[in-house]
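Trainee: Input structure: input32.txt, which contains compact mmCIF, C-alpha atoms and all ligand atoms.
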# COMPACT_ATOMS: atom_id res chain seq x y z
CA MET A 1 65.79 7.56 23.40
CA ALA A 2 69.22 8.46 22.08
CA THR A 3 71.10 10.62 24.55
CA ALA A 4 72.48 13.97 23.42
CA SER A 5 76.22 13.66 22.89
CA PHE A 6 76.93 17.25 23.99
CA ASP A 7 75.17 20.16 25.69
CA ALA A 8 71.92 20.89 23.87
CA PRO A 9 72.67 23.82 21.54
CA GLN A 10 70.21 26.55 20.66
CA TYR A 11 67.95 25.98 17.63
CA PRO A 12 67.65 27.58 15.10
CA MET A 13 71.36 27.97 14.48
CA ALA A 14 73.05 30.15 11.85
CA ARG A 15 74.39 29.07 8.47
CA ALA A 16 78.14 29.36 8.03
CA SER A 17 79.23 32.77 6.77
CA GLY A 18 80.31 32.53 3.15
CA CYS A 19 78.10 29.49 2.40
CA PRO A 20 74.70 31.01 1.64
CA PHE A 21 73.42 27.89 -0.13
CA ASP A 22 74.37 25.36 2.53
CA PRO A 23 72.34 24.60 5.67
CA PRO A 24 74.00 25.18 9.07
CA PRO A 25 77.15 23.01 9.38
CA ALA A 26 75.85 21.74 12.72
CA PHE A 27 73.33 19.60 10.79
CA THR A 28 76.19 17.54 9.33
CA THR A 29 77.68 17.05 12.80
CA PHE A 30 74.30 15.98 14.17
CA ARG A 31 73.65 13.59 11.30
CA GLU A 32 77.06 12.01 11.66
CA ALA A 33 76.44 11.55 15.41
CA GLY A 34 73.45 9.38 14.44
CA GLY A 35 69.82 9.66 15.51
CA PRO A 36 68.06 12.77 16.76
CA GLN A 37 69.93 15.47 18.64
CA LYS A 38 68.62 17.43 21.57
CA VAL A 39 68.44 21.21 21.12
CA THR A 40 67.06 24.12 23.14
CA LEU A 41 64.38 26.42 21.74
CA PHE A 42 64.03 30.20 22.26
CA ASN A 43 61.71 29.60 25.24
CA GLY A 44 64.21 27.27 26.93
CA LYS A 45 62.22 24.15 26.06
CA PRO A 46 64.04 21.07 24.75
CA CYS A 47 63.29 19.52 21.40
CA TRP A 48 64.73 16.83 19.10
CA LEU A 49 66.21 17.57 15.68
CA PHE A 50 66.10 14.87 13.01
CA THR A 51 68.63 15.44 10.23
CA SER A 52 69.10 12.20 8.26
CA PHE A 53 67.00 11.55 5.15
CA ALA A 54 65.64 8.26 6.51
CA ASP A 55 64.66 9.76 9.87
CA VAL A 56 63.13 12.96 8.43
CA ARG A 57 61.03 10.98 5.97
CA ALA A 58 59.96 8.58 8.72
CA VAL A 59 58.80 11.42 10.99
CA LEU A 60 57.01 13.35 8.24
CA GLY A 61 55.25 10.19 7.09
CA ASP A 62 54.05 9.16 10.56
CA ASN A 63 50.69 10.53 11.68
CA ARG A 64 51.51 9.77 15.30
CA PHE A 65 53.42 13.05 15.04
CA SER A 66 50.98 15.98 15.12
CA THR A 67 51.30 19.34 13.35
CA MET A 68 48.76 21.02 15.61
CA PRO A 69 50.35 23.95 17.45
CA SER A 70 47.58 23.82 20.07
CA THR A 71 48.98 20.47 21.33
CA PRO A 72 50.66 21.19 24.69
CA GLY A 73 54.45 21.19 24.29
CA PHE A 74 54.39 21.87 20.51
CA PRO A 75 57.90 23.13 19.56
CA MET A 76 58.00 26.82 18.68
CA LEU A 77 60.72 28.65 16.77
CA SER A 78 60.19 32.16 18.11
CA ALA A 79 57.66 34.34 19.94
CA ALA A 80 56.59 35.87 16.60
CA ARG A 81 55.95 32.45 15.07
CA ASP A 82 54.12 31.33 18.22
CA ALA A 83 51.77 34.34 17.92
CA VAL A 84 50.70 33.39 14.39
CA LEU A 85 50.45 29.65 15.04
CA GLN A 86 48.07 30.17 17.97
CA GLU A 87 45.44 31.55 15.56
CA ALA A 88 42.60 29.38 14.22
CA PRO A 89 44.23 26.73 12.03
CA THR A 90 44.01 25.84 8.35
CA PHE A 91 44.56 22.27 7.14
CA ILE A 92 48.36 22.74 7.05
CA ARG A 93 48.18 22.70 10.87
CA MET A 94 45.54 19.99 11.28
CA ASP A 95 45.86 16.24 11.74
CA PRO A 96 43.91 13.47 10.04
CA PRO A 97 41.00 13.02 9.64
CA GLU A 98 40.13 16.78 9.73
CA HIS A 99 43.19 17.57 7.62
CA GLY A 100 42.12 15.27 4.78
CA LYS A 101 38.51 16.43 4.88
CA LEU A 102 39.56 20.03 4.26
CA ARG A 103 42.46 19.32 1.91
CA ARG A 104 40.18 17.28 -0.36
CA MET A 105 38.09 20.41 -0.97
CA PHE A 106 41.08 21.83 -2.85
CA THR A 107 42.84 18.85 -4.45
CA LYS A 108 41.03 18.92 -7.79
CA GLU A 109 42.13 22.55 -8.26
CA PHE A 110 45.79 21.49 -8.10
CA MET A 111 45.61 18.43 -10.31
CA VAL A 112 48.39 18.30 -12.89
CA LYS A 113 45.94 18.47 -15.81
CA ARG A 114 44.33 21.68 -14.54
CA ILE A 115 47.72 23.26 -13.79
CA ASP A 116 49.06 22.23 -17.20
CA ALA A 117 46.21 24.19 -18.77
CA MET A 118 47.64 27.29 -17.06
CA ARG A 119 51.08 26.90 -18.65
CA PRO A 120 50.45 29.07 -21.75
CA ARG A 121 49.23 31.93 -19.54
CA ILE A 122 52.22 31.50 -17.18
CA GLN A 123 54.60 31.60 -20.16
CA ALA A 124 52.89 34.71 -21.57
CA LEU A 125 53.29 36.49 -18.20
CA ILE A 126 56.96 35.50 -18.13
CA GLU A 127 57.53 36.84 -21.66
CA SER A 128 55.88 40.15 -20.79
CA LEU A 129 58.10 40.45 -17.70
CA TYR A 130 61.17 39.74 -19.88
CA ASP A 131 59.96 42.48 -22.26
CA ALA A 132 59.68 44.88 -19.32
CA MET A 133 63.20 43.94 -18.20
CA GLU A 134 64.52 44.70 -21.68
CA THR A 135 62.65 47.99 -21.87
CA LYS A 136 64.00 49.03 -18.49
CA GLY A 137 67.49 47.90 -19.48
CA SER A 138 70.34 46.30 -17.56
CA PRO A 139 70.65 46.14 -14.55
CA VAL A 140 67.33 44.96 -13.09
CA GLU A 141 66.38 43.67 -9.65
CA MET A 142 65.00 40.20 -10.14
CA VAL A 143 63.07 39.55 -6.90
CA ASN A 144 60.78 42.58 -7.02
CA ASP A 145 60.77 43.19 -10.77
CA PHE A 146 60.34 39.63 -11.95
CA ALA A 147 59.89 36.79 -9.44
CA LEU A 148 57.28 38.31 -7.09
CA PRO A 149 55.20 39.97 -9.85
CA LEU A 150 55.11 36.63 -11.68
CA THR A 151 54.16 34.37 -8.79
CA SER A 152 51.72 36.76 -7.18
CA THR A 153 49.99 37.46 -10.51
CA VAL A 154 49.68 33.72 -11.17
CA ILE A 155 48.17 32.99 -7.75
CA SER A 156 45.89 36.08 -7.94
CA GLU A 157 44.46 35.08 -11.31
CA PHE A 158 44.08 31.46 -10.20
CA LEU A 159 42.22 32.32 -6.99
CA GLY A 160 40.39 35.37 -8.26
CA VAL A 161 42.15 38.00 -6.17
CA PRO A 162 42.22 41.48 -7.81
CA ALA A 163 45.63 42.14 -9.38
CA GLU A 164 45.73 45.67 -7.93
CA ASP A 165 45.84 44.19 -4.39
CA ARG A 166 49.05 42.29 -5.14
CA GLU A 167 51.36 44.66 -3.30
CA PHE A 168 49.13 44.65 -0.21
CA PHE A 169 49.06 40.87 0.18
CA GLN A 170 52.72 40.50 -0.80
CA GLU A 171 53.78 42.91 1.96
CA GLN A 172 51.43 41.56 4.64
CA SER A 173 52.38 37.94 3.83
CA ARG A 174 56.04 38.90 4.16
CA LEU A 175 55.43 40.45 7.59
CA LYS A 176 53.31 37.52 8.76
CA VAL A 177 56.15 35.00 8.44
CA LEU A 178 58.96 37.07 9.96
CA MET A 179 60.43 35.12 12.86
CA ASP A 180 62.73 37.43 14.82
CA VAL A 181 60.43 40.42 15.32
CA ASP A 182 57.99 41.81 17.87
CA PRO A 183 55.04 39.31 17.81
CA GLU A 184 52.73 42.28 17.22
CA ILE A 185 54.09 42.62 13.66
CA PRO A 186 52.95 39.20 12.37
CA ARG A 187 49.78 39.41 14.46
CA VAL A 188 48.74 42.72 12.88
CA ALA A 189 49.69 41.52 9.38
CA SER A 190 47.64 38.38 9.89
CA ALA A 191 44.60 40.38 11.07
CA LYS A 192 44.87 42.63 8.00
CA LEU A 193 45.01 39.63 5.67
CA ILE A 194 42.02 37.98 7.33
CA GLY A 195 40.08 41.27 7.09
CA TYR A 196 40.97 41.54 3.42
CA PHE A 197 39.96 37.96 2.52
CA ASP A 198 36.77 38.32 4.57
CA GLY A 199 35.73 41.20 2.30
CA LEU A 200 36.80 39.35 -0.85
CA LEU A 201 34.91 36.16 0.08
CA LYS A 202 31.79 38.17 0.96
CA ALA A 203 31.87 39.74 -2.50
CA LYS A 204 32.22 36.29 -4.10
CA GLU A 205 29.40 34.92 -1.94
CA ARG A 206 27.12 37.72 -3.17
CA ASP A 207 27.73 36.73 -6.80
CA PRO A 208 29.60 33.41 -7.10
CA HIS A 209 28.80 33.11 -10.81
CA ALA A 210 30.41 36.43 -11.70
CA ASN A 211 33.87 34.91 -12.22
CA ASP A 212 35.27 31.46 -12.88
CA ASP A 213 38.08 31.30 -10.33
CA LEU A 214 39.12 29.02 -7.47
CA LEU A 215 37.50 31.06 -4.70
CA SER A 216 34.20 31.41 -6.60
CA ARG A 217 34.19 27.65 -7.19
CA LEU A 218 34.92 27.15 -3.47
CA VAL A 219 31.88 29.26 -2.59
CA LEU A 220 29.66 27.31 -5.00
CA ASP A 221 30.93 23.81 -4.19
CA GLN A 222 31.69 24.07 -0.46
CA VAL A 223 30.40 27.22 1.24
CA GLU A 224 26.88 27.38 -0.25
CA PRO A 225 26.10 23.66 0.41
CA GLY A 226 27.35 24.14 4.00
CA HIS A 227 30.48 21.95 3.85
CA LEU A 228 32.77 24.88 4.71
CA SER A 229 32.03 27.92 6.87
CA HIS A 230 32.67 31.45 5.59
CA ASP A 231 35.42 31.92 8.22
CA ASP A 232 37.17 28.70 7.18
CA ALA A 233 36.99 29.75 3.52
CA VAL A 234 38.58 33.09 4.49
CA ARG A 235 41.45 31.42 6.36
CA HIS A 236 42.10 28.98 3.51
CA ALA A 237 42.13 31.76 0.90
CA ASP A 238 44.81 33.39 3.05
CA LEU A 239 46.74 30.08 3.27
CA LEU A 240 46.74 29.58 -0.51
CA VAL A 241 47.86 33.12 -1.28
CA MET A 242 50.59 32.99 1.38
CA ALA A 243 51.85 29.52 0.46
CA GLY A 244 51.49 30.18 -3.24
CA HIS A 245 53.62 33.20 -4.06
CA GLU A 246 56.61 33.94 -1.85
CA THR A 247 57.86 30.33 -1.84
CA THR A 248 58.08 30.08 -5.62
CA ALA A 249 59.45 33.63 -5.94
CA ASN A 250 62.29 32.79 -3.54
CA GLN A 251 62.98 29.59 -5.46
CA ILE A 252 63.13 31.50 -8.77
CA ALA A 253 65.71 33.92 -7.35
CA LEU A 254 67.83 31.21 -5.73
CA GLY A 255 67.57 28.96 -8.80
CA THR A 256 68.82 31.82 -10.99
CA LEU A 257 71.73 32.29 -8.60
CA ASN A 258 72.48 28.54 -8.66
CA PHE A 259 72.93 28.68 -12.42
CA LEU A 260 74.95 31.92 -12.34
CA GLN A 261 77.28 30.40 -9.73
CA ASN A 262 77.58 27.20 -11.80
CA PRO A 263 78.03 28.27 -15.45
CA ASP A 264 78.74 24.65 -16.49
CA GLN A 265 75.24 23.71 -15.32
CA LYS A 266 73.76 26.65 -17.21
CA ALA A 267 75.55 25.55 -20.40
CA LEU A 268 74.39 21.98 -19.81
CA LEU A 269 70.76 23.07 -19.53
CA LEU A 270 70.95 25.34 -22.56
CA GLY A 271 72.40 22.50 -24.63
CA ASN A 272 69.99 19.85 -23.29
CA PRO A 273 66.46 21.19 -22.77
CA ASP A 274 65.43 17.64 -21.77
CA LEU A 275 67.24 18.25 -18.48
CA LEU A 276 64.78 20.99 -17.49
CA ARG A 277 62.44 18.96 -15.26
CA GLY A 278 65.32 17.33 -13.41
CA ALA A 279 67.08 20.70 -13.09
CA VAL A 280 64.03 22.18 -11.36
CA ASP A 281 63.92 19.27 -8.92
CA GLU A 282 67.64 19.65 -8.29
CA MET A 283 67.23 23.34 -7.41
CA LEU A 284 64.35 22.42 -5.09
CA ARG A 285 66.52 19.81 -3.37
CA TYR A 286 69.67 21.91 -3.25
CA ASN A 287 68.01 25.02 -1.76
CA SER A 288 65.21 23.38 0.29
CA ILE A 289 63.84 26.84 0.91
CA VAL A 290 61.25 25.98 3.58
CA GLN A 291 64.15 26.03 5.97
CA PHE A 292 62.45 25.75 9.37
CA ASN A 293 59.73 23.30 8.41
CA GLY A 294 58.97 20.02 10.14
CA ALA A 295 57.72 21.00 13.61
CA ARG A 296 55.83 18.06 15.09
CA ILE A 297 54.85 16.68 18.50
CA ALA A 298 54.58 12.99 19.40
CA LEU A 299 50.99 12.01 20.27
CA GLU A 300 52.25 8.72 21.71
CA ASP A 301 55.60 6.98 22.16
CA VAL A 302 57.03 6.53 18.64
CA GLU A 303 60.12 4.63 17.56
CA VAL A 304 61.88 6.30 14.61
CA ASN A 305 64.48 3.98 13.08
CA GLY A 306 65.42 2.64 16.50
CA HIS A 307 65.13 5.93 18.41
CA LEU A 308 62.30 6.40 20.87
CA VAL A 309 60.48 9.73 20.95
CA ARG A 310 58.25 9.90 23.99
CA LYS A 311 54.66 11.11 23.96
CA GLY A 312 54.58 14.91 24.36
CA GLU A 313 58.13 15.49 23.07
CA GLY A 314 58.61 18.05 20.29
CA VAL A 315 60.67 17.36 17.19
CA PHE A 316 61.80 19.11 14.02
CA ALA A 317 62.20 16.88 10.96
CA LEU A 318 64.54 19.08 8.94
CA ILE A 319 63.94 18.96 5.21
CA ASN A 320 67.01 21.01 4.36
CA ALA A 321 69.25 18.66 6.37
CA ALA A 322 67.65 15.54 4.85
CA ASN A 323 68.11 16.83 1.31
CA ARG A 324 71.87 17.14 1.93
CA ASP A 325 72.28 13.66 3.39
CA PRO A 326 75.08 11.81 1.52
CA ALA A 327 73.31 8.53 2.28
CA ALA A 328 70.47 9.67 -0.01
CA PHE A 329 72.27 11.92 -2.52
CA ALA A 330 75.85 11.41 -3.71
CA ARG A 331 77.92 14.62 -3.37
CA PRO A 332 74.89 16.35 -1.81
CA ASP A 333 76.48 19.80 -1.61
CA VAL A 334 77.00 19.97 -5.37
CA PHE A 335 74.35 21.56 -7.62
CA ASP A 336 74.15 18.92 -10.33
CA ILE A 337 71.16 19.09 -12.68
CA GLU A 338 71.88 15.67 -14.17
CA ARG A 339 71.12 14.13 -10.77
CA ALA A 340 67.40 14.85 -11.40
CA PRO A 341 66.36 13.78 -7.88
CA ASP A 342 62.86 12.34 -7.81
CA ASN A 343 62.85 11.54 -4.10
CA HIS A 344 63.80 14.86 -2.48
CA LEU A 345 61.76 16.24 0.40
CA ALA A 346 61.63 19.94 -0.57
CA PHE A 347 57.82 19.70 -0.81
CA SER A 348 57.74 17.69 2.44
CA TYR A 349 56.44 14.14 2.70
CA GLY A 350 53.36 12.38 4.02
CA VAL A 351 49.88 13.84 4.31
CA HIS A 352 51.14 17.45 4.41
CA GLN A 353 53.17 17.16 1.22
CA CYS A 354 52.82 20.45 -0.69
CA LEU A 355 49.44 20.75 -2.37
CA GLY A 356 50.73 23.43 -4.75
CA GLN A 357 53.71 21.50 -6.13
CA PRO A 358 52.30 21.08 -9.66
CA LEU A 359 51.85 24.85 -9.82
CA ALA A 360 55.30 25.58 -8.38
CA ARG A 361 56.88 23.15 -10.85
CA ALA A 362 54.94 24.64 -13.80
CA GLU A 363 56.17 28.14 -12.90
CA LEU A 364 59.76 27.06 -12.31
CA GLN A 365 59.90 24.98 -15.50
CA SER A 366 58.52 27.90 -17.53
CA VAL A 367 61.07 30.33 -16.06
CA PHE A 368 64.13 28.10 -16.37
CA GLY A 369 63.08 26.82 -19.79
CA SER A 370 63.36 30.37 -21.14
CA LEU A 371 65.41 32.71 -18.90
CA PHE A 372 68.87 31.94 -20.25
CA GLN A 373 67.63 31.63 -23.84
CA ARG A 374 66.25 35.15 -23.58
CA PHE A 375 69.20 36.57 -21.56
CA PRO A 376 72.22 34.38 -22.45
CA THR A 377 74.71 36.79 -20.88
CA LEU A 378 72.80 37.23 -17.62
CA ARG A 379 75.15 37.82 -14.68
CA LEU A 380 75.14 39.10 -11.11
CA ALA A 381 75.43 42.89 -11.08
CA VAL A 382 77.06 42.87 -7.61
CA PRO A 383 79.48 40.47 -5.88
CA LEU A 384 77.79 37.44 -4.25
CA GLU A 385 79.01 38.71 -0.86
CA ALA A 386 76.92 41.88 -1.30
CA LEU A 387 73.65 39.93 -1.40
CA GLU A 388 71.48 39.78 1.69
CA PHE A 389 70.05 36.31 2.33
CA LYS A 390 66.87 35.65 4.32
CA GLY A 391 68.45 33.68 7.15
CA GLY A 392 65.77 34.62 9.69
CA HIS A 393 62.74 34.07 7.45
CA PHE A 394 60.61 30.96 7.52
CA VAL A 395 61.27 30.59 3.78
CA TYR A 396 64.85 31.08 2.63
CA GLY A 397 65.74 33.36 -0.25
CA VAL A 398 67.57 36.51 -1.15
CA GLU A 399 66.22 40.00 -0.38
CA THR A 400 67.17 41.48 -3.75
CA LEU A 401 68.97 40.09 -6.79
CA PRO A 402 70.53 42.74 -9.05
CA LEU A 403 71.24 41.25 -12.47
CA ALA A 404 72.94 42.63 -15.57
CA TRP A 405 73.40 41.33 -19.14
C1 LIG A 501 58.98 26.26 -4.60
C2 LIG A 501 57.77 26.41 -4.12
C3 LIG A 501 57.21 25.67 -2.93
C4 LIG A 501 57.83 24.94 -1.96
C5 LIG A 501 59.31 24.64 -1.81
C6 LIG A 501 56.80 24.46 -1.06
C7 LIG A 501 57.03 23.66 0.05
C8 LIG A 501 56.06 23.21 0.90
C9 LIG A 501 56.31 22.42 2.08
C10 LIG A 501 57.68 22.02 2.58
C11 LIG A 501 55.10 22.15 2.65
C12 LIG A 501 54.86 21.39 3.95
C13 LIG A 501 54.63 22.38 5.04
C14 LIG A 501 54.46 21.76 6.40
O1 LIG A 501 54.42 20.54 6.55
O2 LIG A 501 54.42 22.54 7.34
C15 LIG A 501 54.09 22.75 1.83
C16 LIG A 501 52.75 22.68 2.08
C17 LIG A 501 51.79 23.34 1.35
N1 LIG A 501 52.00 24.10 0.21
FE1 LIG A 501 53.76 24.41 -0.71
N2 LIG A 501 55.59 24.91 -1.51
C18 LIG A 501 55.78 25.65 -2.64
C19 LIG A 501 54.80 26.26 -3.42
C20 LIG A 501 53.46 26.20 -3.18
C21 LIG A 501 52.46 26.78 -4.03
C22 LIG A 501 52.69 27.48 -5.37
C23 LIG A 501 51.26 26.56 -3.43
C24 LIG A 501 49.93 26.99 -3.99
C25 LIG A 501 48.99 27.52 -3.31
C26 LIG A 501 51.50 25.82 -2.19
C27 LIG A 501 50.55 25.40 -1.29
C28 LIG A 501 50.79 24.59 -0.20
C29 LIG A 501 49.75 24.13 0.70
C30 LIG A 501 48.27 24.45 0.61
C31 LIG A 501 50.38 23.34 1.67
C32 LIG A 501 49.73 22.61 2.84
C33 LIG A 501 49.56 21.13 2.49
C34 LIG A 501 48.97 20.31 3.62
O3 LIG A 501 49.21 20.60 4.78
O4 LIG A 501 48.25 19.34 3.31
N3 LIG A 501 52.87 25.63 -2.09
N4 LIG A 501 54.70 23.40 0.76
Before we go any further, please render this structure as C-alpha cells.
Ligand code: HEM

Mentor:
Amino acid sequence: MATASFDAPQYPMARASGCPFDPPPAFTTFREAGGPQKVTLFNGKPCWLFTSFADVRAVLGDNRFSTMPSTPGFPMLSAARDAVLQEAPTFIRMDPPEHGKLRRMFTKEFMVKRIDAMRPRIQALIESLYDAMETKGSPVEMVNDFALPLTSTVISEFLGVPAEDREFFQEQSRLKVLMDVDPEIPRVASAKLIGYFDGLLKAKERDPHANDDLLSRLVLDQVEPGHLSHDDAVRHADLLVMAGHETTANQIALGTLNFLQNPDQKALLLGNPDLLRGAVDEMLRYNSIVQFNGARIALEDVEVNGHLVRKGEGVFALINAANRDPAAFARPDVFDIERAPDNHLAFSYGVHQCLGQPLARAELQSVFGSLFQRFPTLRLAVPLEALEFKGGHFVYGVETLPLAW
C-alpha cells in the first residue's frame, strides 16, 4: 500500500474561500502525490482517499469494494450520516447480487424512451414557472421559486406522490442528508419520511388501479406477486423521492450560476443550441454536486492501479476530484461547454451509476434549452460573495439564488 506522504489530515476538508465551484485544493495536492492518500475521519478512524480519474473509476467499477454501511469498518463522514446509514438499506447501499435484483425492479421506469415521453410535460411545467417568475417580477429567488418546485413536481407526478405534500418531503429530505448536525435531526426526518411513504403505499395497495404512476405499477408488478415486501417498497419510494429532486434542483441553480459567471459560454449556447446536451454534461462534470460520494470498504485485498488496499480498509473514491483531473480533462477548472464530456463521473460509475440520469438530463436540458431565451438579461441580484453555498451538505449547491433581469 502506498504510504501517506504527510500526517493524515482530517476528511472532509473545506473548499478554498473564494472558490465556490472548485473542490478542496487538497485534492490536487493528493492527486499530484500519486495514489491514495491516508486521511482521518470524524471518529478518528483512518481511511484512503482516491482522487485521480483512473483510480476513482477503478474503485467505483470494482465490486470487491462494498457500499454496505453494515460492513465493519465502513468509512463514515459524520455521526449524523452514520445514524441514517445504519437504517435498513435500499439498493443504493447493497452489493451484488441483491443490488441488481432490486434495481432491476425499477430500470424500465427510467429507460430513455419512457423519460423522453415526459419531456413535453417537463417543458410545460418550466414554462408555467417562468410565467410565475414574470408575474412576480424581478428579482426572484431561483432555488425555492423555480428549481425545487420543478424537480419535486416532476418526481411527485412520476411516482404518484400528491403534489400538496411537496413541501413536507422537500423539508424532511433536506434534514435527512444534513451532515454536521445532531444525529437526532436526520433520524427523526427519516422516520417521518418512512411513516409518510408507509401510508402512501398502503393507499396504493388498497387500489393499485386507481392511478397510472410508478408506485402503483410497483405495487402491481412487484408487491402483489410477492417479489418485494411492503416495507421494502416504502424504503425505495423514499429513496427515489430523495434522490430525485434535491440533486437536480441543486444542479439547476449551480448551472445557472455557471452561465452567469461565464457570459461567453451563455452567448455560445444561445448561438448554438446544438451545444445543449454537451453543456449539460459539462455542468455535471464541473460541479460534481454529489460531493461526498464514493464511500466503500474492501471485501478482500484489492490492487487499484498498483496500490494495494487491504481487506477491511475504508476508502472514498471522490467523484468531484476525479472530474477535475487534468489527465482526463484538459484545463479541468474551466467551465467549457464545447468540451461536451461524455466520460465524466458525476453520475458515478459501475453498478451504482445513477438510475435517474435520463430524468436528470431531461430536466436539465429542458431548463437550459429555454432559460436564457426567456430571460436574456438574467443576472445575479447580489454579489457572488453574498451567496451561501452548501459546503456541509451531502449534495453541493447554493442555499438561495436571487436573480434579476
Ligand atoms: C443532477 C442530478 C443527479 C446527480 C448528479 C446524481 C448523482 C448520483 C450519484 C453520484 C449516484 C451514486 C451514488 C452512490 O454510489 O452512492 C446516484 C445514484 C442514484 N441516483 Fe442519482 N443523481 C441525480 C439525479 C437523480 C434523479 C433525478 C433520480 C431519480 C429518482 C436519481 C436516482 C438515483 C438512484 C435510484 C441511485 C442509486 C443507484 C444504484 O445504487 O444502483 N438520481 N446518483

Trainee: Using Å and a single decimal, report how far CA of Met76 (chain A) sits from CA of Leu355 (chain A).

Mentor: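 A separation of 23.5 Å between them.
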
Trainee: Give me the box for ligand LIG 501 (chain A) as JSON, namely the centre and edge lengths in Å to one decimal of a box along x, y and z that holds every listed atom plus 6 Å on each side.

Mentor:
{"center_x": 53.8, "center_y": 23.4, "center_z": 1.0, "size_x": 23.1, "size_y": 20.2, "size_z": 24.7}

Trainee: Write out as JSON, numbers by chain each polymer residue (protein, DNA or RNA) that has an atom no more than 7 Å from ligand LIG 501 (chain A), with all atoms listed in the file counted.

Mentor: {"A": [91, 92, 93, 99, 103, 239, 240, 241, 243, 244, 245, 247, 248, 251, 284, 288, 289, 290, 293, 294, 346, 347, 348, 351, 352, 353, 354, 355, 356, 357, 359, 360]}

Trainee: So which one's closest to Ala124 (chain A), A:Leu159, A:Ala80, A:Val112, A:Val367? Using all atoms listed in the file, please.

Mentor: A:Val367

Trainee: Near Pro183 (chain A), within 7 Å and counting all atoms listed in the file, which residues show up once chain neighbours fewer than 3 positions away are dropped, as a list in words?

Mentor: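 Answer for this query is Ala79, Ala80, Ala83, Pro186 and Arg187 of chain A.
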
Trainee: Identify, on the basis of only C-alpha atoms, every residue whose closest approach to Pro332 (chain A) does not exceed 9 Å; exclude the query and any residue fewer than 5 positions from it along the same chain; express the result as a VMD selection string.

Mentor: chain A and resid 286 323 to 327

Trainee: With distances taken over all atoms listed in the file, which of A:Leu275, A:Asn144, A:Asn63, A:Phe74 is nearest to Gly100 (chain A)?

Mentor: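 Ranking A:Leu275, A:Asn144, A:Asn63, A:Phe74 by distance to Gly100 (chain A), first place goes to A:Asn63.
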